Amino acid sequence: MNDNQNFVNLKENLKNCLNFFAEKLASIRSNRVTTSIVENIMVECYGSNAPLKTMANLVLQPPNVIIVEPWDPSILNDVSRAIESSNIGVTPQKDVKFLRLVFPSLTQERRDQLIKLTNSEKEACRVEIKKHRETFMKKVQSEFNDKTISEDQKIYLEKEGQKEIDKANENADILTNKKISELNEF
């Protein structure tokens with residue numbers, strides 16, 4: 001009975017919501033510097049905007065340096081401007097063909113700010129999950145009112161839908177707790 005299109009759509013929407021949330025969390029810096037911090041920064045060049053990962057090599061030099069090497073050296077200034085305006089907390093150091101991003105260690109104050117940001121992103125994810133739940137429940141009720149599903153099917157779908165919602169909320173909590181523990185590492 002799980003082949004109901006509304007149920008399939010709910011599962012797909014929840015999966016997409018959690019994937020988007022995971023990407024947002026990956027872009028929040030922790031003590032572990034990763035290229036995901038900068039790869040989605042939008043760079044304006046050639047008359048349009050594009051993510052940094054589509055126009056440059058991003059190389060991680062442990063423990064806290066990212067090298068950004070544009071494939072076209074003529075856009076080095078555009079990339080530098082985009083990184084400076086992205087509010088990631090570093091100033092690019094220009095070399096001839098690449099940029100060096102040196103990330104300082106996190107202060108306790110910055111950690112607290114990032115934890116607040118992580119929690120606000122979780123709340124935004126929960127709001128999206130709630131919207132998907134409401135849409136699903138309305139569609140199931142509509143199908144019941146139109147007599148395309150029976151009352152038993154309606155009850156079953158509502159129960160299964162709620163299980164999926166609970167699972168999505170639990171996964172959001174797990175992702176958030178993992179990010180917060182990363183932020184609290186020294």
# chains A, B, ... in the order shown; residues from 1 in each chain; ligands from 1

$ residues_around --residues "region 93-105 of chain A" --least-positions-apart "2" --cutoff "8 Å" --atoms "only C-alpha atoms" --output "list of chain:residue names"
A:Asn31, A:Val33, A:Asn64, A:Val65, A:Ile66, A:Ile67, A:Val68, A:Glu69, A:Pro70, A:Pro73, A:Leu76, A:Ser80, A:Gly89, A:Val90, A:Thr91, A:Thr107

$ write_last_selection --atoms "all heavy atoms" --output "CSV table (one decimal), in the first residue's frame"
chain,number,residue,atom,x,y,z
A,31,ASN,N,36.3,23.0,13.0
A,31,ASN,CA,37.8,23.0,13.2
A,31,ASN,C,38.4,22.2,12.0
A,31,ASN,O,39.6,22.4,11.7
A,31,ASN,CB,38.2,22.4,14.5
A,31,ASN,CG,38.3,23.4,15.6
A,31,ASN,OD1,38.4,24.6,15.3
A,31,ASN,ND2,38.3,23.0,16.8
A,33,VAL,N,38.8,22.0,8.3
A,33,VAL,CA,38.6,22.8,7.1
A,33,VAL,C,38.4,21.8,6.0
A,33,VAL,O,39.1,20.8,5.8
A,33,VAL,CB,39.8,23.6,6.8
A,33,VAL,CG1,39.7,24.4,5.5
A,33,VAL,CG2,40.0,24.6,8.0
A,64,ASN,N,44.8,23.7,7.8
A,64,ASN,CA,43.8,24.7,7.7
A,64,ASN,C,44.0,25.6,6.5
A,64,ASN,O,43.6,26.8,6.6
A,64,ASN,CB,43.9,25.6,9.0
A,64,ASN,CG,45.2,26.2,9.1
A,64,ASN,OD1,46.2,25.9,8.5
A,64,ASN,ND2,45.3,27.2,10.0
A,65,VAL,N,44.4,25.1,5.4
A,65,VAL,CA,44.6,25.9,4.2
A,65,VAL,C,43.9,25.3,3.0
A,65,VAL,O,43.9,24.1,2.8
A,65,VAL,CB,46.1,26.1,3.8
A,65,VAL,CG1,46.3,26.9,2.6
A,65,VAL,CG2,46.9,26.7,5.0
A,66,ILE,N,43.2,26.2,2.2
A,66,ILE,CA,42.6,25.8,1.0
A,66,ILE,C,43.2,26.6,-0.1
A,66,ILE,O,43.3,27.8,0.0
A,66,ILE,CB,41.1,26.0,1.0
A,66,ILE,CG1,40.4,25.1,2.0
A,66,ILE,CG2,40.5,25.7,-0.4
A,66,ILE,CD1,38.9,25.3,2.2
A,67,ILE,N,43.7,25.9,-1.2
A,67,ILE,CA,44.2,26.5,-2.3
A,67,ILE,C,43.1,26.5,-3.4
A,67,ILE,O,42.5,25.5,-3.7
A,67,ILE,CB,45.5,25.8,-2.9
A,67,ILE,CG1,46.6,25.6,-1.8
A,67,ILE,CG2,46.0,26.4,-4.2
A,67,ILE,CD1,47.2,27.0,-1.4
A,68,VAL,N,42.9,27.7,-3.9
A,68,VAL,CA,41.9,27.9,-5.0
A,68,VAL,C,42.6,28.3,-6.3
A,68,VAL,O,43.2,29.4,-6.3
A,68,VAL,CB,40.8,29.0,-4.6
A,68,VAL,CG1,39.8,29.2,-5.8
A,68,VAL,CG2,40.1,28.7,-3.3
A,69,GLU,N,42.6,27.4,-7.3
A,69,GLU,CA,43.3,27.7,-8.5
A,69,GLU,C,42.3,27.7,-9.7
A,69,GLU,O,41.9,26.7,-10.2
A,69,GLU,CB,44.4,26.6,-8.7
A,69,GLU,CG,45.3,26.8,-9.9
A,69,GLU,CD,46.3,25.8,-10.1
A,69,GLU,OE1,46.3,24.8,-9.4
A,69,GLU,OE2,47.1,26.0,-11.0
A,70,PRO,N,42.0,28.9,-10.1
A,70,PRO,CA,41.0,29.0,-11.2
A,70,PRO,C,41.6,28.5,-12.5
A,70,PRO,O,42.8,28.6,-12.7
A,70,PRO,CB,40.8,30.5,-11.4
A,70,PRO,CG,41.3,31.2,-10.1
A,70,PRO,CD,42.3,30.2,-9.6
A,73,PRO,N,43.3,32.0,-15.3
A,73,PRO,CA,43.9,32.9,-14.4
A,73,PRO,C,43.3,34.3,-14.5
A,73,PRO,O,43.5,35.1,-13.5
A,73,PRO,CB,45.4,32.8,-14.7
A,73,PRO,CG,45.5,31.6,-15.5
A,73,PRO,CD,44.2,31.3,-16.1
A,76,LEU,N,41.0,35.5,-11.6
A,76,LEU,CA,41.5,35.4,-10.2
A,76,LEU,C,40.9,36.5,-9.3
A,76,LEU,O,40.5,36.3,-8.2
A,76,LEU,CB,43.0,35.5,-10.2
A,76,LEU,CG,43.8,35.1,-8.9
A,76,LEU,CD1,43.5,33.7,-8.6
A,76,LEU,CD2,45.2,35.4,-9.0
A,80,SER,N,38.6,36.2,-6.0
A,80,SER,CA,39.0,36.8,-4.8
A,80,SER,C,37.9,37.7,-4.2
A,80,SER,O,37.6,37.6,-3.0
A,80,SER,CB,40.3,37.6,-5.0
A,80,SER,OG,40.6,38.2,-3.8
A,89,GLY,N,35.0,34.4,6.8
A,89,GLY,CA,35.9,34.7,7.8
A,89,GLY,C,37.4,34.6,7.4
A,89,GLY,O,38.3,34.6,8.3
A,90,VAL,N,37.7,34.6,6.1
A,90,VAL,CA,39.1,34.6,5.7
A,90,VAL,C,39.3,35.6,4.6
A,90,VAL,O,38.4,35.9,3.8
A,90,VAL,CB,39.6,33.2,5.2
A,90,VAL,CG1,39.6,32.2,6.3
A,90,VAL,CG2,38.8,32.8,4.0
A,91,THR,N,40.5,36.1,4.5
A,91,THR,CA,40.9,37.0,3.4
A,91,THR,C,41.8,36.2,2.5
A,91,THR,O,42.8,35.7,2.9
A,91,THR,CB,41.6,38.3,3.9
A,91,THR,OG1,40.7,38.9,4.8
A,91,THR,CG2,41.9,39.2,2.8
A,107,THR,N,37.7,30.6,17.7
A,107,THR,CA,37.6,31.1,19.0
A,107,THR,C,36.3,30.5,19.7
A,107,THR,O,35.4,30.1,18.9
A,107,THR,CB,37.6,32.6,19.1
A,107,THR,OG1,36.4,33.1,18.5
A,107,THR,CG2,38.8,33.2,18.5

$ select_by_dssp --residues "chain A" --states "helix (DSSP H, G or I)" --output "JSON, numbers by chain"
{"A": [5, 6, 7, 8, 9, 10, 11, 12, 13, 14, 15, 16, 17, 18, 19, 20, 21, 22, 23, 24, 25, 26, 35, 36, 37, 52, 53, 54, 73, 74, 75, 76, 77, 78, 79, 80, 81, 82, 83, 84, 85, 108, 109, 110, 111, 112, 113, 114, 115, 116, 117, 118, 119, 120, 121, 122, 123, 124, 125, 126, 127, 128, 129, 130, 131, 132, 133, 134, 135, 136, 137, 138, 139, 140, 141, 142, 143, 144, 145, 151, 152, 153, 154, 155, 156, 157, 158, 159, 160, 161, 162, 163, 164, 165, 166, 167, 168, 169, 170, 171, 172, 173, 174, 175, 176, 177, 178, 179, 180, 181, 182, 183, 184]}

$ closest_atom_pairs --of "region 21-92 of chain A" --to "region 115-122 of chain A" --cutoff "12 Å" --atoms "only C-alpha atoms" --output "tab-separated table"
residue	atom	partner	partner_atom	distance
A:Phe21	CA	A:Glu121	CA	7.3
A:Ala22	CA	A:Lys122	CA	9.8
A:Glu23	CA	A:Glu121	CA	10.8
A:Lys24	CA	A:Glu121	CA	7.6
A:Leu25	CA	A:Thr118	CA	6.8
A:Ala26	CA	A:Thr118	CA	10.1
A:Ser27	CA	A:Thr118	CA	10.3
A:Ile28	CA	A:Thr118	CA	7.7
A:Arg29	CA	A:Thr118	CA	10.2
A:Ser30	CA	A:Ile115	CA	9.7

$ write_last_selection --atoms "N, CA, C and O atoms" --output "PDB file, in the first residue's frame"
ATOM      1  N   PHE A  21      19.791  20.132   3.757  1.00  0.00           N
ATOM      2  CA  PHE A  21      20.232  20.464   5.117  1.00  0.00           C
ATOM      3  C   PHE A  21      21.673  20.004   5.343  1.00  0.00           C
ATOM      4  O   PHE A  21      22.484  20.733   5.907  1.00  0.00           O
ATOM      5  N   ALA A  22      21.992  18.803   4.881  1.00  0.00           N
ATOM      6  CA  ALA A  22      23.354  18.277   5.034  1.00  0.00           C
ATOM      7  C   ALA A  22      24.359  19.153   4.277  1.00  0.00           C
ATOM      8  O   ALA A  22      25.470  19.408   4.764  1.00  0.00           O
ATOM      9  N   GLU A  23      23.972  19.635   3.089  1.00  0.00           N
ATOM     10  CA  GLU A  23      24.850  20.529   2.326  1.00  0.00           C
ATOM     11  C   GLU A  23      25.054  21.849   3.066  1.00  0.00           C
ATOM     12  O   GLU A  23      26.159  22.389   3.089  1.00  0.00           O
ATOM     13  N   LYS A  24      23.979  22.369   3.658  1.00  0.00           N
ATOM     14  CA  LYS A  24      24.090  23.618   4.416  1.00  0.00           C
ATOM     15  C   LYS A  24      25.035  23.432   5.604  1.00  0.00           C
ATOM     16  O   LYS A  24      25.860  24.292   5.879  1.00  0.00           O
ATOM     17  N   LEU A  25      24.905  22.301   6.288  1.00  0.00           N
ATOM     18  CA  LEU A  25      25.782  22.047   7.436  1.00  0.00           C
ATOM     19  C   LEU A  25      27.238  21.877   7.000  1.00  0.00           C
ATOM     20  O   LEU A  25      28.148  22.313   7.695  1.00  0.00           O
ATOM     21  N   ALA A  26      27.448  21.268   5.841  1.00  0.00           N
ATOM     22  CA  ALA A  26      28.812  21.074   5.350  1.00  0.00           C
ATOM     23  C   ALA A  26      29.480  22.410   5.041  1.00  0.00           C
ATOM     24  O   ALA A  26      30.705  22.535   5.137  1.00  0.00           O
ATOM     25  N   SER A  27      28.672  23.407   4.681  1.00  0.00           N
ATOM     26  CA  SER A  27      29.254  24.709   4.349  1.00  0.00           C
ATOM     27  C   SER A  27      29.552  25.542   5.599  1.00  0.00           C
ATOM     28  O   SER A  27      30.172  26.592   5.500  1.00  0.00           O
ATOM     29  N   ILE A  28      29.114  25.072   6.778  1.00  0.00           N
ATOM     30  CA  ILE A  28      29.442  25.761   8.027  1.00  0.00           C
ATOM     31  C   ILE A  28      30.793  25.243   8.497  1.00  0.00           C
ATOM     32  O   ILE A  28      30.978  24.046   8.671  1.00  0.00           O
ATOM     33  N   ARG A  29      31.700  26.141   8.691  1.00  0.00           N
ATOM     34  CA  ARG A  29      33.057  25.766   9.040  1.00  0.00           C
ATOM     35  C   ARG A  29      33.139  25.197  10.448  1.00  0.00           C
ATOM     36  O   ARG A  29      32.506  25.683  11.370  1.00  0.00           O
ATOM     37  N   SER A  30      33.932  24.150  10.605  1.00  0.00           N
ATOM     38  CA  SER A  30      34.260  23.636  11.934  1.00  0.00           C
ATOM     39  C   SER A  30      35.782  23.665  12.040  1.00  0.00           C
ATOM     40  O   SER A  30      36.443  24.282  11.216  1.00  0.00           O
TER      41      SER A  30
END

$ residues_around --residues "region 154-156 of chain A" --least-positions-apart "5" --cutoff "7 Å" --atoms "only C-alpha atoms" --output "ChimeraX atom specification"
/A:140,144,149

$ atom_distance --atom1 "CA of Glu160 (chain A)" --atom2 "CA of Asn177 (chain A)"
25.8 Å

$ select_by_dssp --residues "region 4-185 of chain A" --states "strand (DSSP E or B)" --output "PyMOL selection string"
chain A and resi 42-45+48-51+56-61+65-70+93-94+99-102
